[in-house]
file work_24.pdb (PDB, C-alpha atoms and all ligand atoms)
ATOM      1  CA  MET A   1       7.334  -2.693  14.276  1.00  0.00           C
ATOM      2  CA  ASP A   2       8.257   0.938  13.672  1.00  0.00           C
ATOM      3  CA  ASN A   3       7.888   2.940  10.456  1.00  0.00           C
ATOM      4  CA  SER A   4      11.472   2.348   9.330  1.00  0.00           C
ATOM      5  CA  GLU A   5      11.260  -1.411   9.861  1.00  0.00           C
ATOM      6  CA  LEU A   6       8.019  -1.607   7.904  1.00  0.00           C
ATOM      7  CA  PHE A   7       9.532   0.474   5.094  1.00  0.00           C
ATOM      8  CA  LYS A   8      12.523  -1.895   4.985  1.00  0.00           C
ATOM      9  CA  MET A   9      10.147  -4.846   4.565  1.00  0.00           C
ATOM     10  CA  ALA A  10       8.404  -2.984   1.719  1.00  0.00           C
ATOM     11  CA  THR A  11      11.782  -2.364   0.080  1.00  0.00           C
ATOM     12  CA  ASP A  12      12.774  -6.034   0.460  1.00  0.00           C
ATOM     13  CA  ALA A  13       9.452  -7.126  -1.071  1.00  0.00           C
ATOM     14  CA  LYS A  14      10.266  -5.174  -4.249  1.00  0.00           C
ATOM     15  CA  LYS A  15      12.491  -8.002  -5.439  1.00  0.00           C
ATOM     16  CA  TYR A  16       9.371 -10.031  -6.271  1.00  0.00           C
ATOM     17  CA  SER A  17       7.768  -7.238  -8.318  1.00  0.00           C
ATOM     18  CA  TYR A  18       6.411  -8.427 -11.665  1.00  0.00           C
ATOM     19  CA  SER A  19       6.788  -5.272 -13.739  1.00  0.00           C
ATOM     20  CA  PRO A  20       8.106  -6.132 -17.232  1.00  0.00           C
ATOM     21  CA  TYR A  21       6.021  -3.389 -18.891  1.00  0.00           C
ATOM     22  CA  SER A  22       6.778  -0.311 -16.785  1.00  0.00           C
ATOM     23  CA  GLY A  23      10.059  -1.496 -15.277  1.00  0.00           C
ATOM     24  CA  PHE A  24       8.929   0.285 -12.104  1.00  0.00           C
ATOM     25  CA  LYS A  25       9.234  -2.011  -9.095  1.00  0.00           C
ATOM     26  CA  VAL A  26       7.030  -1.250  -6.112  1.00  0.00           C
ATOM     27  CA  GLY A  27       6.883  -3.038  -2.766  1.00  0.00           C
ATOM     28  CA  ALA A  28       4.444  -2.606   0.093  1.00  0.00           C
ATOM     29  CA  ALA A  29       4.306  -3.888   3.656  1.00  0.00           C
ATOM     30  CA  LEU A  30       1.356  -3.435   5.972  1.00  0.00           C
ATOM     31  CA  LEU A  31       0.881  -3.989   9.681  1.00  0.00           C
ATOM     32  CA  THR A  32      -2.506  -5.206  10.914  1.00  0.00           C
ATOM     33  CA  ASP A  33      -4.127  -4.841  14.334  1.00  0.00           C
ATOM     34  CA  SER A  34      -3.232  -8.472  15.046  1.00  0.00           C
ATOM     35  CA  GLY A  35       0.437  -7.491  14.823  1.00  0.00           C
ATOM     36  CA  LYS A  36       1.129  -9.379  11.602  1.00  0.00           C
ATOM     37  CA  VAL A  37       2.889  -7.961   8.543  1.00  0.00           C
ATOM     38  CA  TYR A  38       1.809  -8.715   4.975  1.00  0.00           C
ATOM     39  CA  THR A  39       3.873  -7.718   1.958  1.00  0.00           C
ATOM     40  CA  GLY A  40       2.967  -7.222  -1.693  1.00  0.00           C
ATOM     41  CA  THR A  41       4.341  -6.079  -5.019  1.00  0.00           C
ATOM     42  CA  ASN A  42       2.895  -4.672  -8.188  1.00  0.00           C
ATOM     43  CA  VAL A  43       1.825  -7.444 -10.573  1.00  0.00           C
ATOM     44  CA  GLU A  44       1.562  -6.188 -14.148  1.00  0.00           C
ATOM     45  CA  ASN A  45      -0.265  -7.631 -17.129  1.00  0.00           C
ATOM     46  CA  ALA A  46       0.057  -7.423 -20.935  1.00  0.00           C
ATOM     47  CA  SER A  47      -3.441  -5.954 -20.755  1.00  0.00           C
ATOM     48  CA  PHE A  48      -2.243  -2.966 -18.729  1.00  0.00           C
ATOM     49  CA  GLY A  49      -5.544  -2.330 -16.980  1.00  0.00           C
ATOM     50  CA  ALA A  50      -5.328  -5.720 -15.291  1.00  0.00           C
ATOM     51  CA  THR A  51      -2.267  -4.595 -13.345  1.00  0.00           C
ATOM     52  CA  ASN A  52      -2.473  -4.729  -9.554  1.00  0.00           C
ATOM     53  CA  CYS A  53      -0.535  -2.235  -7.423  1.00  0.00           C
ATOM     54  CA  ALA A  54       1.742  -3.376  -4.608  1.00  0.00           C
ATOM     55  CA  GLU A  55      -0.525  -1.837  -1.964  1.00  0.00           C
ATOM     56  CA  ARG A  56      -3.620  -3.705  -3.119  1.00  0.00           C
ATOM     57  CA  THR A  57      -1.702  -6.956  -3.394  1.00  0.00           C
ATOM     58  CA  ALA A  58      -0.702  -6.594   0.271  1.00  0.00           C
ATOM     59  CA  VAL A  59      -4.236  -5.609   1.348  1.00  0.00           C
ATOM     60  CA  PHE A  60      -5.848  -8.513  -0.502  1.00  0.00           C
ATOM     61  CA  LYS A  61      -3.353 -10.987   0.957  1.00  0.00           C
ATOM     62  CA  ALA A  62      -4.111  -9.719   4.475  1.00  0.00           C
ATOM     63  CA  VAL A  63      -7.894  -9.549   4.112  1.00  0.00           C
ATOM     64  CA  SER A  64      -8.076 -12.971   2.484  1.00  0.00           C
ATOM     65  CA  GLU A  65      -6.306 -14.407   5.518  1.00  0.00           C
ATOM     66  CA  GLY A  66      -8.820 -12.962   7.946  1.00  0.00           C
ATOM     67  CA  GLU A  67      -7.382  -9.523   8.704  1.00  0.00           C
ATOM     68  CA  ARG A  68      -9.749  -6.577   8.764  1.00  0.00           C
ATOM     69  CA  LYS A  69      -7.808  -3.594  10.145  1.00  0.00           C
ATOM     70  CA  ILE A  70      -4.709  -1.909   8.752  1.00  0.00           C
ATOM     71  CA  VAL A  71      -2.632   0.009  11.297  1.00  0.00           C
ATOM     72  CA  SER A  72       0.019   1.223   8.855  1.00  0.00           C
ATOM     73  CA  ILE A  73       1.311   0.577   5.352  1.00  0.00           C
ATOM     74  CA  ALA A  74       4.712   1.393   3.858  1.00  0.00           C
ATOM     75  CA  ILE A  75       5.314   1.860   0.136  1.00  0.00           C
ATOM     76  CA  SER A  76       8.719   1.622  -1.498  1.00  0.00           C
ATOM     77  CA  GLY A  77       9.373   2.526  -5.128  1.00  0.00           C
ATOM     78  CA  GLU A  78      12.322   3.417  -7.304  1.00  0.00           C
ATOM     79  CA  SER A  79      11.850   7.113  -7.908  1.00  0.00           C
ATOM     80  CA  ASP A  80      13.669  10.095  -6.417  1.00  0.00           C
ATOM     81  CA  SER A  81      10.341  11.429  -5.218  1.00  0.00           C
ATOM     82  CA  LEU A  82       8.158   9.700  -2.642  1.00  0.00           C
ATOM     83  CA  VAL A  83       5.807   7.033  -3.986  1.00  0.00           C
ATOM     84  CA  PHE A  84       2.211   7.687  -2.977  1.00  0.00           C
ATOM     85  CA  PRO A  85      -0.635   5.186  -3.315  1.00  0.00           C
ATOM     86  CA  CYS A  86      -2.801   5.699  -6.391  1.00  0.00           C
ATOM     87  CA  GLY A  87      -6.439   6.723  -6.057  1.00  0.00           C
ATOM     88  CA  ILE A  88      -7.815   3.195  -6.317  1.00  0.00           C
ATOM     89  CA  CYS A  89      -5.428   1.965  -3.605  1.00  0.00           C
ATOM     90  CA  ARG A  90      -6.407   4.870  -1.336  1.00  0.00           C
ATOM     91  CA  GLN A  91     -10.051   3.850  -1.635  1.00  0.00           C
ATOM     92  CA  VAL A  92      -9.193   0.195  -0.899  1.00  0.00           C
ATOM     93  CA  LEU A  93      -7.117   1.246   2.121  1.00  0.00           C
ATOM     94  CA  VAL A  94     -10.034   3.294   3.491  1.00  0.00           C
ATOM     95  CA  GLU A  95     -12.180   0.147   3.505  1.00  0.00           C
ATOM     96  CA  PHE A  96      -9.775  -1.516   5.964  1.00  0.00           C
ATOM     97  CA  GLY A  97      -8.291   1.512   7.730  1.00  0.00           C
ATOM     98  CA  ASP A  98      -9.503   4.065  10.218  1.00  0.00           C
ATOM     99  CA  GLU A  99      -8.722   7.606  11.336  1.00  0.00           C
ATOM    100  CA  ASN A 100      -5.411   6.423  12.824  1.00  0.00           C
ATOM    101  CA  THR A 101      -4.118   4.473   9.809  1.00  0.00           C
ATOM    102  CA  LYS A 102      -0.705   5.701   8.709  1.00  0.00           C
ATOM    103  CA  VAL A 103       0.745   5.650   5.198  1.00  0.00           C
ATOM    104  CA  ILE A 104       4.544   5.624   5.057  1.00  0.00           C
ATOM    105  CA  CYS A 105       5.787   6.846   1.684  1.00  0.00           C
ATOM    106  CA  GLY A 106       9.411   6.498   0.671  1.00  0.00           C
ATOM    107  CA  ASN A 107      11.830   7.151  -2.147  1.00  0.00           C
ATOM    108  CA  ARG A 108      14.741   5.105  -3.473  1.00  0.00           C
ATOM    109  CA  LYS A 109      17.239   6.821  -1.175  1.00  0.00           C
ATOM    110  CA  GLY A 110      15.283   5.529   1.805  1.00  0.00           C
ATOM    111  CA  ASP A 111      13.786   8.857   2.918  1.00  0.00           C
ATOM    112  CA  ILE A 112      10.333   8.330   4.389  1.00  0.00           C
ATOM    113  CA  LYS A 113       7.448  10.610   5.205  1.00  0.00           C
ATOM    114  CA  VAL A 114       4.351   9.600   7.162  1.00  0.00           C
ATOM    115  CA  PHE A 115       0.813  10.688   6.261  1.00  0.00           C
ATOM    116  CA  SER A 116      -2.553   9.806   7.695  1.00  0.00           C
ATOM    117  CA  LEU A 117      -4.857   7.940   5.336  1.00  0.00           C
ATOM    118  CA  LYS A 118      -7.418  10.614   6.063  1.00  0.00           C
ATOM    119  CA  GLU A 119      -5.192  13.369   4.677  1.00  0.00           C
ATOM    120  CA  LEU A 120      -4.501  11.336   1.519  1.00  0.00           C
ATOM    121  CA  LEU A 121      -8.213  10.720   0.900  1.00  0.00           C
ATOM    122  CA  PRO A 122     -10.393  13.227   2.736  1.00  0.00           C
ATOM    123  CA  ASN A 123     -14.164  12.827   2.557  1.00  0.00           C
ATOM    124  CA  ALA A 124     -13.828   9.241   1.373  1.00  0.00           C
ATOM    125  CA  PHE A 125     -16.843   7.282   0.224  1.00  0.00           C
ATOM    126  CA  THR A 126     -17.499   4.629   2.872  1.00  0.00           C
ATOM    127  CA  GLU A 127     -21.091   3.514   2.604  1.00  0.00           C
ATOM    128  CA  PHE A 128     -24.158   3.856   0.504  1.00  0.00           C
ATOM    129  CA  GLU A 129     -27.747   4.350   1.480  1.00  0.00           C
ATOM    130  CA  GLY A 130     -29.670   1.218   2.239  1.00  0.00           C
ATOM    131  CA  MET A 131     -26.737  -0.651   3.804  1.00  0.00           C
TER     132      MET A 131
HETATM  133  N1  LIG B 201       2.263   1.197  -8.783  1.00  0.00           N
HETATM  134  C1  LIG B 201       2.146   0.605  -7.568  1.00  0.00           C
HETATM  135  O1  LIG B 201       2.312  -0.604  -7.444  1.00  0.00           O
HETATM  136  N2  LIG B 201       1.850   1.385  -6.514  1.00  0.00           N
HETATM  137  C2  LIG B 201       1.770   2.750  -6.536  1.00  0.00           C
HETATM  138  O2  LIG B 201       1.552   3.372  -5.513  1.00  0.00           O
HETATM  139  C3  LIG B 201       1.949   3.459  -7.800  1.00  0.00           C
HETATM  140  C4  LIG B 201       2.003   2.603  -9.016  1.00  0.00           C
HETATM  141  C5  LIG B 201       2.663   0.376  -9.928  1.00  0.00           C
HETATM  142  C6  LIG B 201       1.605   0.073 -10.937  1.00  0.00           C
HETATM  143  C7  LIG B 201       2.448  -0.225 -12.170  1.00  0.00           C
HETATM  144  O3  LIG B 201       2.865  -1.571 -12.137  1.00  0.00           O
HETATM  145  C8  LIG B 201       3.670   0.644 -12.012  1.00  0.00           C
HETATM  146  O4  LIG B 201       3.706   1.015 -10.641  1.00  0.00           O
HETATM  147  C9  LIG B 201       3.675   1.879 -12.873  1.00  0.00           C
HETATM  148  O5  LIG B 201       2.513   2.610 -12.711  1.00  0.00           O
END
call {"tool": "encode", "arguments": {"input": "work_24.pdb", "output": "structure tokens"}}
result
Amino acid sequence: MDNSELFKMATDAKKYSYSPYSGFKVGAALLTDSGKVYTGTNVENASFGATNCAERTAVFKAVSEGERKIVSIAISGESDSLVFPCGICRQVLVEFGDENTKVICGNRKGDIKVFSLKELLPNAFTEFEGM
């Protein structure tokens, strides 16, 4: 599963996006250390704050099926510029990623650029005292 294949799966997943409020469809596809791929879309809500991003949908699907380690995640949106994960999604990805986790960001033309999770969220909060 290379970066382009994973990005294609993210793009295909976009068709299931539930985004009647923003009209902005986002798809995500992540590869776990067991070799499985999980996809997700943004799922919006009339109460906007209840919206879930595509990345978190994919992470929660994977984790709730027993996965614990994300090797890479691709994000596909509908803008001319690359779509990057939001701050909340970066924090969620850190929980299930490591120093090698890759984030593949793409635009609607299909251009992709690969970042490390660490460069997207340096000095992330990972634990609190007492744990
Ligand atoms: N969105 C995502 O799903 N992922 C991102 O990385 C950026 C934003 C969604 C949330 C909302 O449904 C819509 O895009 C507009 O913000």
call {"tool": "residues_near_ligand", "arguments": {"input": "work_24.pdb", "ligand": "ligand LIG 201 (chain B)", "cutoff": "6 Å", "atoms": "only C-alpha atoms and all ligand atoms", "output": "mmCIF file with C-alpha atoms, keeping the file's coordinate frame"}}
result
data_model
loop_
_atom_site.group_PDB
_atom_site.id
_atom_site.type_symbol
_atom_site.label_atom_id
_atom_site.label_comp_id
_atom_site.auth_asym_id
_atom_site.auth_seq_id
_atom_site.Cartn_x
_atom_site.Cartn_y
_atom_site.Cartn_z
ATOM 1 C CA SER A 19 6.788 -5.272 -13.739
ATOM 2 C CA SER A 22 6.778 -0.311 -16.785
ATOM 3 C CA PHE A 24 8.929 0.285 -12.104
ATOM 4 C CA VAL A 26 7.030 -1.250 -6.112
ATOM 5 C CA ASN A 42 2.895 -4.672 -8.188
ATOM 6 C CA GLU A 44 1.562 -6.188 -14.148
ATOM 7 C CA CYS A 53 -0.535 -2.235 -7.423
ATOM 8 C CA ALA A 54 1.742 -3.376 -4.608
ATOM 9 C CA VAL A 83 5.807 7.033 -3.986
ATOM 10 C CA PHE A 84 2.211 7.687 -2.977
ATOM 11 C CA PRO A 85 -0.635 5.186 -3.315
ATOM 12 C CA CYS A 86 -2.801 5.699 -6.391
#
call {"tool": "resolve_selection", "arguments": {"input": "work_24.pdb", "expression": "the PyMOL selection byres (((chain A and resi 125) around 12) and not hetatm)", "output": "list in words"}}
result
Ile88, Arg90, Gln91, Val92, Leu93, Val94, Glu95, Lys118, Leu121, Pro122, Asn123, Ala124, Thr126, Glu127, Phe128 and Glu129 of chain A
call {"tool": "closest_residue", "arguments": {"input": "work_24.pdb", "among": "A:Leu30, A:Met1, A:Leu117, A:Leu6", "to": "Ile73 (chain A)", "atoms": "all atoms listed in the file"}}
result
A:Leu30
call {"tool": "residues_around", "arguments": {"input": "work_24.pdb", "residues": "Ser4 (chain A)", "least_positions_apart": "5", "cutoff": "10 Å", "atoms": "all atoms listed in the file", "output": "PyMOL selection string"}}
result
chain A and resi 9-10+74+104+106+110-112
call {"tool": "closest_residue", "arguments": {"input": "work_24.pdb", "among": "A:Asn107, A:Asn3, A:Ser116, A:Thr32", "to": "Glu65 (chain A)", "atoms": "all atoms listed in the file"}}
result
A:Thr32
call {"tool": "resolve_selection", "arguments": {"input": "work_24.pdb", "expression": "the PyMOL selection byres (((chain A and resi 58) around 6) and not hetatm)", "output": "list in words"}}
result
Tyr38, Thr39, Gly40, Glu55, Arg56, Thr57, Val59, Phe60 and Lys61 of chain A
call {"tool": "resolve_selection", "arguments": {"input": "work_24.pdb", "expression": "the PyMOL selection byres (((chain A and resi 14) around 6) and not hetatm)", "output": "list in words"}}
result
Thr11, Asp12, Ala13, Lys15, Tyr16, Ser17, Lys25, Val26 and Gly27 of chain A
call {"tool": "atom_distance", "arguments": {"input": "work_24.pdb", "atom1": "CA of Tyr18 (chain A)", "atom2": "CA of Cys105 (chain A)"}}
result
20.3 Å
call {"tool": "residues_around", "arguments": {"input": "work_24.pdb", "residues": "Leu31 (chain A)", "least_positions_apart": "2", "cutoff": "7 Å", "atoms": "only C-alpha atoms", "output": "list in words"}}
result
Ala29, Asp33, Gly35, Lys36, Val37, Tyr38, Ile70, Val71, Ser72 and Ile73 of chain A
call {"tool": "residues_around", "arguments": {"input": "work_24.pdb", "residues": "Tyr21 (chain A)", "least_positions_apart": "5", "cutoff": "12 Å", "atoms": "all atoms listed in the file", "output": "list in words"}}
result
Asn42, Val43, Glu44, Asn45, Ala46, Ser47, Phe48, Gly49 and Thr51 of chain A
call {"tool": "axis_aligned_box", "arguments": {"input": "work_24.pdb", "around": "region 5-23 of chain A", "padding_each_side": "8 Å", "output": "AutoDock Vina command-line options"}}
result
--center_x 9.4 --center_y -4.8 --center_z -4.5 --size_x 22.8 --size_y 26.5 --size_z 44.8
call {"tool": "closest_residue", "arguments": {"input": "work_24.pdb", "among": "A:Arg68, A:Thr41, A:Asp2, A:Val63", "to": "Gly97 (chain A)", "atoms": "all atoms listed in the file"}}
result
A:Arg68
call {"tool": "atom_distance", "arguments": {"input": "work_24.pdb", "atom1": "CA of Val103 (chain A)", "atom2": "CA of Cys89 (chain A)"}}
result
11.4 Å
call {"tool": "build_atoms", "arguments": {"input": "work_24.pdb", "residues": "region 77-88 of chain A", "atoms": "all heavy atoms", "output": "compact mmCIF listing (two decimals), in the frame of the given file"}}
result
# COMPACT_ATOMS: atom_id res chain seq x y z
N GLY A 77 9.23 2.56 -3.68
CA GLY A 77 9.37 2.53 -5.13
C GLY A 77 10.80 2.82 -5.55
O GLY A 77 11.73 2.71 -4.73
N GLU A 78 10.96 3.20 -6.80
CA GLU A 78 12.32 3.42 -7.30
C GLU A 78 12.49 4.80 -7.91
O GLU A 78 13.28 4.99 -8.82
CB GLU A 78 12.65 2.34 -8.33
CG GLU A 78 12.57 0.95 -7.72
CD GLU A 78 13.24 -0.10 -8.57
OE1 GLU A 78 12.90 -0.20 -9.75
OE2 GLU A 78 14.11 -0.79 -8.04
N SER A 79 11.72 5.75 -7.40
CA SER A 79 11.85 7.11 -7.91
C SER A 79 12.53 8.00 -6.87
O SER A 79 12.60 7.65 -5.68
CB SER A 79 10.47 7.68 -8.26
OG SER A 79 9.58 7.44 -7.21
N ASP A 80 13.03 9.15 -7.34
CA ASP A 80 13.67 10.10 -6.42
C ASP A 80 12.63 10.73 -5.50
O ASP A 80 12.93 11.10 -4.37
CB ASP A 80 14.39 11.20 -7.20
CG ASP A 80 15.61 10.65 -7.92
OD1 ASP A 80 16.15 9.61 -7.47
OD2 ASP A 80 16.02 11.24 -8.93
N SER A 81 11.41 10.86 -6.04
CA SER A 81 10.34 11.43 -5.22
C SER A 81 9.63 10.31 -4.46
O SER A 81 9.75 9.12 -4.81
CB SER A 81 9.36 12.19 -6.10
OG SER A 81 8.95 11.36 -7.15
N LEU A 82 8.90 10.68 -3.43
CA LEU A 82 8.16 9.70 -2.64
C LEU A 82 7.13 9.01 -3.52
O LEU A 82 6.56 9.63 -4.42
CB LEU A 82 7.42 10.40 -1.50
CG LEU A 82 8.27 11.18 -0.49
CD1 LEU A 82 7.35 11.89 0.51
CD2 LEU A 82 9.26 10.28 0.22
N VAL A 83 6.88 7.74 -3.27
CA VAL A 83 5.81 7.03 -3.99
C VAL A 83 4.55 7.05 -3.11
O VAL A 83 4.56 6.58 -1.98
CB VAL A 83 6.21 5.58 -4.31
CG1 VAL A 83 5.03 4.83 -4.93
CG2 VAL A 83 7.40 5.56 -5.25
N PHE A 84 3.51 7.63 -3.66
CA PHE A 84 2.21 7.69 -2.98
C PHE A 84 1.27 6.63 -3.57
O PHE A 84 1.36 6.32 -4.76
CB PHE A 84 1.57 9.07 -3.19
CG PHE A 84 2.22 10.17 -2.40
CD1 PHE A 84 3.29 10.88 -2.92
CD2 PHE A 84 1.76 10.47 -1.12
CE1 PHE A 84 3.88 11.90 -2.19
CE2 PHE A 84 2.35 11.49 -0.39
CZ PHE A 84 3.42 12.21 -0.92
N PRO A 85 0.35 6.13 -2.75
CA PRO A 85 -0.64 5.19 -3.32
C PRO A 85 -1.53 5.87 -4.34
O PRO A 85 -1.88 7.04 -4.17
CB PRO A 85 -1.44 4.73 -2.10
CG PRO A 85 -1.11 5.66 -0.99
CD PRO A 85 0.18 6.33 -1.32
N CYS A 86 -1.90 5.15 -5.37
CA CYS A 86 -2.80 5.70 -6.39
C CYS A 86 -4.21 5.85 -5.81
O CYS A 86 -4.50 5.39 -4.69
CB CYS A 86 -2.83 4.80 -7.63
SG CYS A 86 -3.86 3.32 -7.45
N GLY A 87 -5.09 6.47 -6.55
CA GLY A 87 -6.44 6.72 -6.06
C GLY A 87 -7.21 5.46 -5.73
O GLY A 87 -7.93 5.39 -4.71
N ILE A 88 -7.08 4.45 -6.57
CA ILE A 88 -7.82 3.20 -6.32
C ILE A 88 -7.31 2.57 -5.02
O ILE A 88 -8.09 2.11 -4.18
CB ILE A 88 -7.66 2.21 -7.49
CG1 ILE A 88 -8.25 2.79 -8.77
CG2 ILE A 88 -8.31 0.87 -7.17
CD1 ILE A 88 -7.99 1.96 -10.02
